[in-house]
Amino acid sequence: MIEAFEALREQFRTFGTDGISMVLVCTAMLFCVAARDRMEEGARRLTGYGVLFFILLANPFGYHIIHDFWLKEYWKIFMVLLPVVFVAIAVTELILNSKSFWKGAVTALCCVGIFAASAFFKVDFSRVAVLSEARETETEAAAVDEMIRAADIVPENMIAPREICAQIRESNPGVKLLFGEALMEGILNDTVTAENEEERQFIDDCRTFIAVPDAVDYQLVVAERYESNCILLKEAYDSPEQMEDAGFYCHGRTENYAVYFKE
Amino acid sequence: MLVVGKILIAICIWLIVPVLLGSLWLENGRKLNDAFIWIYLMGLVSEWAAFFAIAKWAIASQLTLQKLCVLWLVLLAALTVFAAVLGIRRKRFLMPDWKKGKANQILGMLGLILLCTLAMAYGGSRQKEHTIEAALTMYATDSLYQYDATTGRSEDEMLSFEKAELEKDAKSPIEAYYAANSYVCRLNPAKFIRVLLPFFLLPFYFGVYQVWANTLFPESFVKRGVFQTVVWLLYGSAVIAGWEVLFDVFSNCWNGETLFFAGLLPLAVWLLLGERNRWRWFAQYVVCVLAGQMLYEKGGFLITFFWVIAWLVTGIRRWKNDRSI
């Protein structure tokens, strides 16, 4: 039981790091319970539903049953509690039940403070960076796709860097990739299992490719092994001589990538 | 001109047909403008449920995407004609009174435009999401879950891991839904999903929280507005807080899991806590389970689970009320 309790606490934390803190949601729910008599019928029903959720699901016993039999990612079940709705109810009631405008404004500020504290004042502007990176990768993928189409060769078992392989498939579904993003993710998350020796070898090759993406000689070995006719190399580790020695010719370059084909 | 026609077909499938289908859920004597948002939401959910029913059969029978599209169009046309005839006979179709609550509607529209802009800006910025690749692969190969979307490998070339992933994806065929609708509109699925879908799906998310706002604060327009604002500020804060779960509403609003957790699930809770008629309650449960399963592989289970909770809440309330009498 103690183990289940610890695991449940961990799930609360996991949910909090990827979404609204469960402490904040519980506080909002407690507020709804306390203010139940003042609220409308709909809010009262929702509060009852929230309380029952905790009694039935968010307890070590409920965790044990759900996690073992139905949902491995138990933390997702907290979305059933509708965290956004509960927090929004509490904030709305707190702000608009204040007697004067200024009291309401101060309450709103306090709510922002509590919210920020519940997220440990974590401000992560990487999203903005991700956005520009994603757009850049899209442009690159479009340019690569244009080159592939112009070459009039259907890429078989193409080897492409991890950060762009999904966009290549999104641009051109005719391209066959050797290592797809799902497989790479699976290897990184350790969820991929091999059923036979051939698969084990393939997964090991992919693992090495992820670990050393700049090893051009290794990519050539893999290309030879799986009969790849196209390799996309990052400009940063492009090695034209090595590629030409292996029978690949450079069909074109974008800002960050070089497209190689083999006849 | 051709593009305009394609967009009009998309509008028909994503806005007009859902409203017509949703009108089937109206109680006798009620008009369309009584509960316009609710009708639209129910119509879209019913559409998902209907698609799930035929897609599962089509996938099991290994039909092509083209054949699924024909089936889908026939079913959609039959349901639409039925809903339209019934609506006309029962005089349900009165245009919503736009003059009433004009400020409310203008604010709502502005909010929606802002959200759509955010979703357009951030759309597709997250990796590890393969809806577009999957829909595009089906569209290009005229098949249903026969090829691995991330590599393009066919069934006999796939790894066992990839086969298992494909089987898992086929359990919730949202990608087939997008592929089929793109095929019907003759639009490239990548463009259809990235450019058009935010404009059709953000109103769904927005509508779900609007019906919640209407239920929670029926008397106060200001409270409803503040509630909606707080909800979207919470979702918006994910941009700077780095929260994957909430951020997905903007980065991949089309993703089945996101659509389920941030859209269908709150709607389902709202439905089951609000409905009093036992038969409608059960019918809504069936539709939500099918739609939930269509969006997320565990969707059917989760909907059933909390429907049971709601049923218990109702039971306890009735028992409490009886005791007080």
# chains A, B, ... in the order shown; residues from 1 in each chain; ligands from 1
call {"tool": "residues_around", "arguments": {"residues": "B:Asp248", "least_positions_apart": "6", "cutoff": "9 Å", "atoms": "only C-alpha atoms", "output": "mmCIF file with N, CA and C atoms, in the first residue's frame"}}
result
data_model
loop_
_atom_site.group_PDB
_atom_site.id
_atom_site.type_symbol
_atom_site.label_atom_id
_atom_site.label_comp_id
_atom_site.auth_asym_id
_atom_site.auth_seq_id
_atom_site.Cartn_x
_atom_site.Cartn_y
_atom_site.Cartn_z
ATOM 1 N N GLY B 123 0.947 25.645 -34.691
ATOM 2 C CA GLY B 123 0.528 24.356 -35.257
ATOM 3 C C GLY B 123 1.676 23.558 -35.843
ATOM 4 N N ARG B 126 5.425 20.712 -32.740
ATOM 5 C CA ARG B 126 5.920 19.664 -31.835
ATOM 6 C C ARG B 126 6.200 18.387 -32.613
ATOM 7 N N TYR B 235 -4.604 27.671 -20.653
ATOM 8 C CA TYR B 235 -4.052 26.966 -21.825
ATOM 9 C C TYR B 235 -2.905 27.771 -22.442
ATOM 10 N N ALA B 238 0.643 27.728 -21.017
ATOM 11 C CA ALA B 238 1.491 26.575 -21.342
ATOM 12 C C ALA B 238 2.607 26.972 -22.304
ATOM 13 N N TRP B 254 -5.263 19.061 -33.625
ATOM 14 C CA TRP B 254 -5.888 17.955 -34.358
ATOM 15 C C TRP B 254 -5.544 16.596 -33.769
ATOM 16 N N ASN B 255 -4.579 16.556 -32.874
ATOM 17 C CA ASN B 255 -4.167 15.270 -32.310
ATOM 18 C C ASN B 255 -5.326 14.628 -31.541
ATOM 19 N N THR B 258 -5.252 14.906 -27.673
ATOM 20 C CA THR B 258 -5.521 16.279 -27.232
ATOM 21 C C THR B 258 -7.012 16.588 -27.373
#
call {"tool": "interface_residues", "arguments": {"of": "chain A", "to": "chain B", "cutoff": "8 Å", "atoms": "only C-alpha atoms", "output": "compact mmCIF listing (two decimals) with C-alpha atoms, in the first residue's frame"}}
result
# COMPACT_ATOMS: atom_id res chain seq x y z
CA THR A 17 5.15 18.99 -14.43
CA ASP A 18 3.32 18.56 -17.72
CA GLY A 19 0.19 20.49 -16.80
CA GLU A 40 -25.21 27.49 -9.06
CA GLU A 41 -26.63 24.01 -9.51
CA GLY A 42 -24.15 23.14 -12.30
CA ALA A 43 -21.13 24.02 -10.16
CA ARG A 45 -22.95 18.96 -9.40
CA LEU A 46 -19.43 19.32 -10.73
CA GLY A 48 -19.79 16.42 -6.20
CA TYR A 49 -18.34 14.74 -9.25
CA LEU A 52 -16.20 11.31 -5.98
CA PHE A 53 -13.33 11.26 -8.45
CA LEU A 71 -3.98 2.73 -18.10
CA ILE A 77 -6.62 10.12 -15.66
CA MET A 79 -7.58 15.10 -16.87
CA VAL A 80 -10.90 13.39 -16.11
CA LEU A 82 -11.20 18.68 -15.50
CA VAL A 84 -8.79 23.68 -16.02
CA VAL A 85 -12.51 23.95 -15.26
CA ALA A 88 -11.26 28.63 -13.68
CA ILE A 89 -14.37 28.34 -11.45
CA VAL A 91 -10.64 32.16 -9.93
CA THR A 92 -13.88 33.51 -11.43
CA GLU A 93 -15.73 33.26 -8.13
CA LEU A 96 -16.07 38.58 -9.19
CA ALA A 119 4.36 26.08 -11.26
CA LYS A 122 9.03 28.11 -14.07
CA VAL A 123 9.21 30.27 -17.16
CA ASP A 124 10.35 28.44 -20.24
CA PHE A 125 10.69 30.47 -23.40
CA SER A 126 11.97 27.47 -25.33
CA ARG A 127 8.53 27.24 -26.97
CA VAL A 128 9.25 30.44 -28.86
CA VAL A 130 10.97 25.72 -30.86
CA LEU A 131 8.55 27.61 -33.05
CA ALA A 134 10.21 24.16 -36.45
CA ARG A 135 9.53 26.69 -39.19
CA ALA A 166 9.22 13.47 -39.81
CA ARG A 169 7.61 12.17 -44.66
CA GLU A 170 5.09 14.98 -44.21
CA SER A 171 6.31 16.63 -47.40
CA PRO A 173 4.88 10.27 -48.54
CA GLY A 174 6.65 8.52 -51.42
CA VAL A 175 9.97 8.64 -49.56
CA LYS A 176 10.86 5.46 -47.70
CA LEU A 177 12.97 6.12 -44.62
CA LEU A 178 15.26 3.59 -43.02
CA PHE A 179 14.80 4.88 -39.48
CA GLY A 180 11.50 6.59 -38.70
CA GLU A 181 10.83 9.00 -35.87
CA ALA A 182 8.56 6.56 -34.03
CA LEU A 183 11.31 3.93 -33.93
CA GLU A 185 11.47 7.67 -30.01
CA VAL A 192 11.15 -1.14 -28.51
CA THR A 193 11.71 -4.88 -28.30
CA ALA A 194 13.11 -7.11 -31.01
CA GLU A 195 11.40 -10.34 -31.97
CA GLU A 199 15.32 -7.02 -35.82
call {"tool": "residues_around", "arguments": {"residues": "stretch 224-235 of chain A", "least_positions_apart": "3", "cutoff": "6 Å", "atoms": "only C-alpha atoms", "output": "list in words"}}
result
Pro155, Glu156, Asn157, Met158, Ile159, Ala160, Val221, Asp238, Asn256, Tyr257, Ala258, Val259, Tyr260, Phe261 and Lys262 of chain A
call {"tool": "write_last_selection", "arguments": {"atoms": "N, CA and C atoms", "output": "JSON list (two decimals), in the first residue's frame"}}
result
[["chain", "number", "residue", "atom", "x", "y", "z"],
["A", 155, "PRO", "N", 13.54, 7.63, -53.30],
["A", 155, "PRO", "CA", 14.46, 7.23, -52.23],
["A", 155, "PRO", "C", 13.99, 5.96, -51.51],
["A", 156, "GLU", "N", 14.86, 4.97, -51.51],
["A", 156, "GLU", "CA", 14.57, 3.71, -50.80],
["A", 156, "GLU", "C", 15.46, 3.65, -49.57],
["A", 157, "ASN", "N", 14.86, 3.40, -48.42],
["A", 157, "ASN", "CA", 15.60, 3.33, -47.16],
["A", 157, "ASN", "C", 16.50, 4.54, -46.94],
["A", 158, "MET", "N", 15.93, 5.69, -47.19],
["A", 158, "MET", "CA", 16.70, 6.94, -47.03],
["A", 158, "MET", "C", 17.14, 7.12, -45.57],
["A", 159, "ILE", "N", 18.36, 7.58, -45.41],
["A", 159, "ILE", "CA", 18.85, 7.85, -44.05],
["A", 159, "ILE", "C", 18.81, 9.37, -43.86],
["A", 160, "ALA", "N", 18.05, 9.80, -42.87],
["A", 160, "ALA", "CA", 17.90, 11.24, -42.65],
["A", 160, "ALA", "C", 18.06, 11.55, -41.16],
["A", 221, "VAL", "N", 28.12, 2.44, -43.91],
["A", 221, "VAL", "CA", 28.04, 0.99, -43.64],
["A", 221, "VAL", "C", 26.56, 0.56, -43.58],
["A", 238, "ASP", "N", 29.19, 17.00, -43.10],
["A", 238, "ASP", "CA", 29.23, 16.50, -44.47],
["A", 238, "ASP", "C", 30.69, 16.15, -44.85],
["A", 256, "ASN", "N", 21.29, 23.87, -44.60],
["A", 256, "ASN", "CA", 21.89, 23.03, -43.54],
["A", 256, "ASN", "C", 22.11, 21.58, -43.92],
["A", 257, "TYR", "N", 21.64, 21.17, -45.08],
["A", 257, "TYR", "CA", 21.74, 19.75, -45.43],
["A", 257, "TYR", "C", 22.29, 19.53, -46.84],
["A", 258, "ALA", "N", 22.86, 18.34, -47.01],
["A", 258, "ALA", "CA", 23.33, 17.94, -48.34],
["A", 258, "ALA", "C", 22.62, 16.65, -48.72],
["A", 259, "VAL", "N", 22.07, 16.60, -49.94],
["A", 259, "VAL", "CA", 21.33, 15.42, -50.39],
["A", 259, "VAL", "C", 22.23, 14.57, -51.29],
["A", 260, "TYR", "N", 22.45, 13.33, -50.87],
["A", 260, "TYR", "CA", 23.29, 12.41, -51.64],
["A", 260, "TYR", "C", 22.46, 11.27, -52.21],
["A", 261, "PHE", "N", 22.75, 10.92, -53.45],
["A", 261, "PHE", "CA", 22.07, 9.78, -54.09],
["A", 261, "PHE", "C", 23.08, 8.77, -54.57],
["A", 262, "LYS", "N", 22.61, 7.56, -54.72],
["A", 262, "LYS", "CA", 23.45, 6.50, -55.31],
["A", 262, "LYS", "C", 22.65, 5.93, -56.48]]
call {"tool": "closest_residue", "arguments": {"among": "B:Met294, B:Trp25, B:Leu196, B:Ser182", "to": "B:Trp279", "atoms": "only C-alpha atoms"}}
result
B:Trp25
call {"tool": "atom_distance", "arguments": {"atom1": "atom CA of A:Cys26", "atom2": "atom CA of A:Ser118"}}
result
11.5 Å
call {"tool": "residues_around", "arguments": {"residues": "B:Leu114", "least_positions_apart": "2", "cutoff": "12 Å", "atoms": "only C-alpha atoms", "output": "PyMOL selection string"}}
result
chain B and resi 107-112+116-121+198-199+202-203+206+229+232-233+236+250
call {"tool": "write_last_selection", "arguments": {"atoms": "N, CA and C atoms", "output": "short mmCIF file (atom, residue, chain, number, x, y, z; two decimals), in the first residue's frame"}}
result
data_model
loop_
_atom_site.label_atom_id
_atom_site.label_comp_id
_atom_site.auth_asym_id
_atom_site.auth_seq_id
_atom_site.Cartn_x
_atom_site.Cartn_y
_atom_site.Cartn_z
N LEU B 107 -17.39 39.50 -28.67
CA LEU B 107 -16.25 39.15 -27.82
C LEU B 107 -15.82 37.70 -28.05
N GLY B 108 -16.82 36.83 -28.14
CA GLY B 108 -16.53 35.42 -28.40
C GLY B 108 -15.79 35.22 -29.71
N MET B 109 -16.25 35.92 -30.75
CA MET B 109 -15.61 35.80 -32.06
C MET B 109 -14.17 36.30 -32.01
N LEU B 110 -13.98 37.43 -31.31
CA LEU B 110 -12.62 37.98 -31.20
C LEU B 110 -11.70 36.98 -30.49
N GLY B 111 -12.23 36.41 -29.42
CA GLY B 111 -11.46 35.40 -28.68
C GLY B 111 -11.09 34.23 -29.56
N LEU B 112 -12.07 33.79 -30.33
CA LEU B 112 -11.84 32.64 -31.23
C LEU B 112 -10.79 32.95 -32.28
N CYS B 116 -7.38 30.93 -32.82
CA CYS B 116 -7.05 30.32 -34.11
C CYS B 116 -5.69 30.82 -34.60
N THR B 117 -5.43 32.11 -34.37
CA THR B 117 -4.14 32.67 -34.79
C THR B 117 -3.01 31.98 -34.04
N LEU B 118 -3.21 31.81 -32.72
CA LEU B 118 -2.18 31.11 -31.92
C LEU B 118 -1.96 29.69 -32.43
N ALA B 119 -3.08 29.02 -32.70
CA ALA B 119 -2.98 27.63 -33.18
C ALA B 119 -2.32 27.56 -34.55
N MET B 120 -2.57 28.57 -35.38
CA MET B 120 -1.94 28.61 -36.70
C MET B 120 -0.43 28.83 -36.55
N ALA B 121 -0.09 29.72 -35.60
CA ALA B 121 1.33 30.03 -35.40
C ALA B 121 2.09 28.84 -34.84
N PRO B 198 -7.31 23.97 -37.64
CA PRO B 198 -7.43 24.84 -36.47
C PRO B 198 -8.70 25.69 -36.49
N PHE B 199 -9.13 26.11 -37.69
CA PHE B 199 -10.35 26.94 -37.78
C PHE B 199 -11.62 26.13 -37.51
N LEU B 202 -10.70 24.62 -33.19
CA LEU B 202 -10.69 25.57 -32.08
C LEU B 202 -12.10 25.98 -31.66
N PRO B 203 -13.03 26.19 -32.62
CA PRO B 203 -14.41 26.47 -32.20
C PRO B 203 -15.00 25.33 -31.36
N PHE B 206 -13.46 25.75 -27.91
CA PHE B 206 -14.04 26.97 -27.35
C PHE B 206 -15.50 26.73 -26.94
N THR B 229 -12.10 33.41 -20.18
CA THR B 229 -10.78 34.05 -20.26
C THR B 229 -9.77 33.27 -19.42
N TRP B 232 -8.70 30.00 -21.06
CA TRP B 232 -7.76 30.13 -22.18
C TRP B 232 -6.44 30.74 -21.76
N LEU B 233 -6.47 31.49 -20.63
CA LEU B 233 -5.19 31.96 -20.10
C LEU B 233 -4.39 30.78 -19.56
N GLY B 236 -3.12 29.08 -22.52
CA GLY B 236 -2.09 29.94 -23.13
C GLY B 236 -0.82 29.98 -22.33
N PHE B 250 -2.71 24.15 -28.76
CA PHE B 250 -2.25 25.08 -29.79
C PHE B 250 -1.30 24.42 -30.78
#
call {"tool": "select_by_dssp", "arguments": {"residues": "stretch 69-317 of chain B", "states": "helix (DSSP H, G or I)", "output": "ChimeraX atom specification"}}
result
/B:69-89,102-122,131-141,160-171,174-185,189-216,221-241,244-251,256-274,278-295,299-317
call {"tool": "atom_distance", "arguments": {"atom1": "atom CA of B:Val208", "atom2": "atom CA of B:Phe36"}}
result
12.0 Å
call {"tool": "closest_residue", "arguments": {"among": "B:Ser46, B:Thr80, B:Asn321, B:Asn252", "to": "B:Ile16", "atoms": "only C-alpha atoms"}}
result
B:Thr80
call {"tool": "residues_around", "arguments": {"residues": "stretch 66-79 of chain B", "least_positions_apart": "4", "cutoff": "9 Å", "atoms": "only C-alpha atoms", "output": "PDB file with N, CA and C atoms, in the first residue's frame"}}
result
ATOM      1  N   ILE B  13     -18.725  19.931 -44.299  1.00  0.00           N
ATOM      2  CA  ILE B  13     -18.517  18.732 -43.469  1.00  0.00           C
ATOM      3  C   ILE B  13     -18.278  19.086 -42.010  1.00  0.00           C
ATOM      4  N   VAL B  17     -22.956  20.220 -41.634  1.00  0.00           N
ATOM      5  CA  VAL B  17     -23.456  18.872 -41.312  1.00  0.00           C
ATOM      6  C   VAL B  17     -23.536  18.656 -39.791  1.00  0.00           C
ATOM      7  N   LEU B  20     -26.672  20.190 -38.498  1.00  0.00           N
ATOM      8  CA  LEU B  20     -27.860  19.408 -38.875  1.00  0.00           C
ATOM      9  C   LEU B  20     -27.955  18.128 -38.037  1.00  0.00           C
ATOM     10  N   LEU B  21     -26.817  17.449 -37.906  1.00  0.00           N
ATOM     11  CA  LEU B  21     -26.834  16.208 -37.108  1.00  0.00           C
ATOM     12  C   LEU B  21     -27.169  16.501 -35.653  1.00  0.00           C
ATOM     13  N   GLU B  47     -20.863  12.873 -35.495  1.00  0.00           N
ATOM     14  CA  GLU B  47     -20.174  12.617 -36.759  1.00  0.00           C
ATOM     15  C   GLU B  47     -18.963  11.710 -36.514  1.00  0.00           C
ATOM     16  N   ALA B  50     -20.173   8.192 -35.811  1.00  0.00           N
ATOM     17  CA  ALA B  50     -20.618   7.507 -37.037  1.00  0.00           C
ATOM     18  C   ALA B  50     -19.417   7.063 -37.860  1.00  0.00           C
ATOM     19  N   PHE B  51     -18.427   7.945 -37.947  1.00  0.00           N
ATOM     20  CA  PHE B  51     -17.239   7.587 -38.732  1.00  0.00           C
ATOM     21  C   PHE B  51     -16.522   6.402 -38.095  1.00  0.00           C
ATOM     22  N   ILE B  54     -18.074   3.019 -39.050  1.00  0.00           N
ATOM     23  CA  ILE B  54     -17.789   2.461 -40.387  1.00  0.00           C
ATOM     24  C   ILE B  54     -16.284   2.254 -40.594  1.00  0.00           C
ATOM     25  N   ALA B  55     -15.472   3.110 -39.985  1.00  0.00           N
ATOM     26  CA  ALA B  55     -14.017   2.974 -40.190  1.00  0.00           C
ATOM     27  C   ALA B  55     -13.503   1.664 -39.596  1.00  0.00           C
ATOM     28  N   ALA B  58     -14.324  -0.938 -41.995  1.00  0.00           N
ATOM     29  CA  ALA B  58     -13.510  -0.806 -43.217  1.00  0.00           C
ATOM     30  C   ALA B  58     -12.072  -1.270 -42.970  1.00  0.00           C
ATOM     31  N   ILE B  59     -11.537  -0.953 -41.801  1.00  0.00           N
ATOM     32  CA  ILE B  59     -10.160  -1.354 -41.490  1.00  0.00           C
ATOM     33  C   ILE B  59     -10.084  -2.875 -41.348  1.00  0.00           C
ATOM     34  N   ALA B  83     -31.822  14.358 -41.047  1.00  0.00           N
ATOM     35  CA  ALA B  83     -31.869  15.444 -40.057  1.00  0.00           C
ATOM     36  C   ALA B  83     -32.580  16.663 -40.634  1.00  0.00           C
ATOM     37  N   ALA B  84     -32.308  16.948 -41.915  1.00  0.00           N
ATOM     38  CA  ALA B  84     -32.923  18.129 -42.542  1.00  0.00           C
ATOM     39  C   ALA B  84     -34.436  17.951 -42.658  1.00  0.00           C
ATOM     40  N   TYR B 139      -3.619   8.665 -47.683  1.00  0.00           N
ATOM     41  CA  TYR B 139      -4.090   9.410 -48.850  1.00  0.00           C
ATOM     42  C   TYR B 139      -3.256   9.036 -50.083  1.00  0.00           C
ATOM     43  N   ASP B 142      -3.721   5.113 -50.871  1.00  0.00           N
ATOM     44  CA  ASP B 142      -5.114   4.664 -50.940  1.00  0.00           C
ATOM     45  C   ASP B 142      -5.313   3.394 -50.093  1.00  0.00           C
ATOM     46  N   SER B 143      -4.879   3.490 -48.864  1.00  0.00           N
ATOM     47  CA  SER B 143      -4.989   2.323 -47.970  1.00  0.00           C
ATOM     48  C   SER B 143      -5.372   2.801 -46.569  1.00  0.00           C
ATOM     49  N   LEU B 144      -5.678   1.865 -45.702  1.00  0.00           N
ATOM     50  CA  LEU B 144      -6.022   2.204 -44.314  1.00  0.00           C
ATOM     51  C   LEU B 144      -5.118   1.412 -43.372  1.00  0.00           C
ATOM     52  N   ALA B 180      -9.847  10.698 -44.942  1.00  0.00           N
ATOM     53  CA  ALA B 180     -11.104  10.579 -45.695  1.00  0.00           C
ATOM     54  C   ALA B 180     -11.684  11.954 -46.019  1.00  0.00           C
ATOM     55  N   ASN B 181     -11.664  12.847 -45.026  1.00  0.00           N
ATOM     56  CA  ASN B 181     -12.210  14.185 -45.273  1.00  0.00           C
ATOM     57  C   ASN B 181     -11.350  14.976 -46.260  1.00  0.00           C
ATOM     58  N   TYR B 183      -9.693  13.624 -48.629  1.00  0.00           N
ATOM     59  CA  TYR B 183      -9.974  12.996 -49.918  1.00  0.00           C
ATOM     60  C   TYR B 183     -11.289  13.532 -50.493  1.00  0.00           C
ATOM     61  N   VAL B 184     -12.275  13.656 -49.622  1.00  0.00           N
ATOM     62  CA  VAL B 184     -13.580  14.182 -50.066  1.00  0.00           C
ATOM     63  C   VAL B 184     -13.420  15.614 -50.579  1.00  0.00           C
TER      64      VAL B 184
END
call {"tool": "closest_residue", "arguments": {"among": "B:Leu197, B:Pro173, B:Leu24, B:Phe192", "to": "B:Ile88", "atoms": "only C-alpha atoms"}}
result
B:Leu24
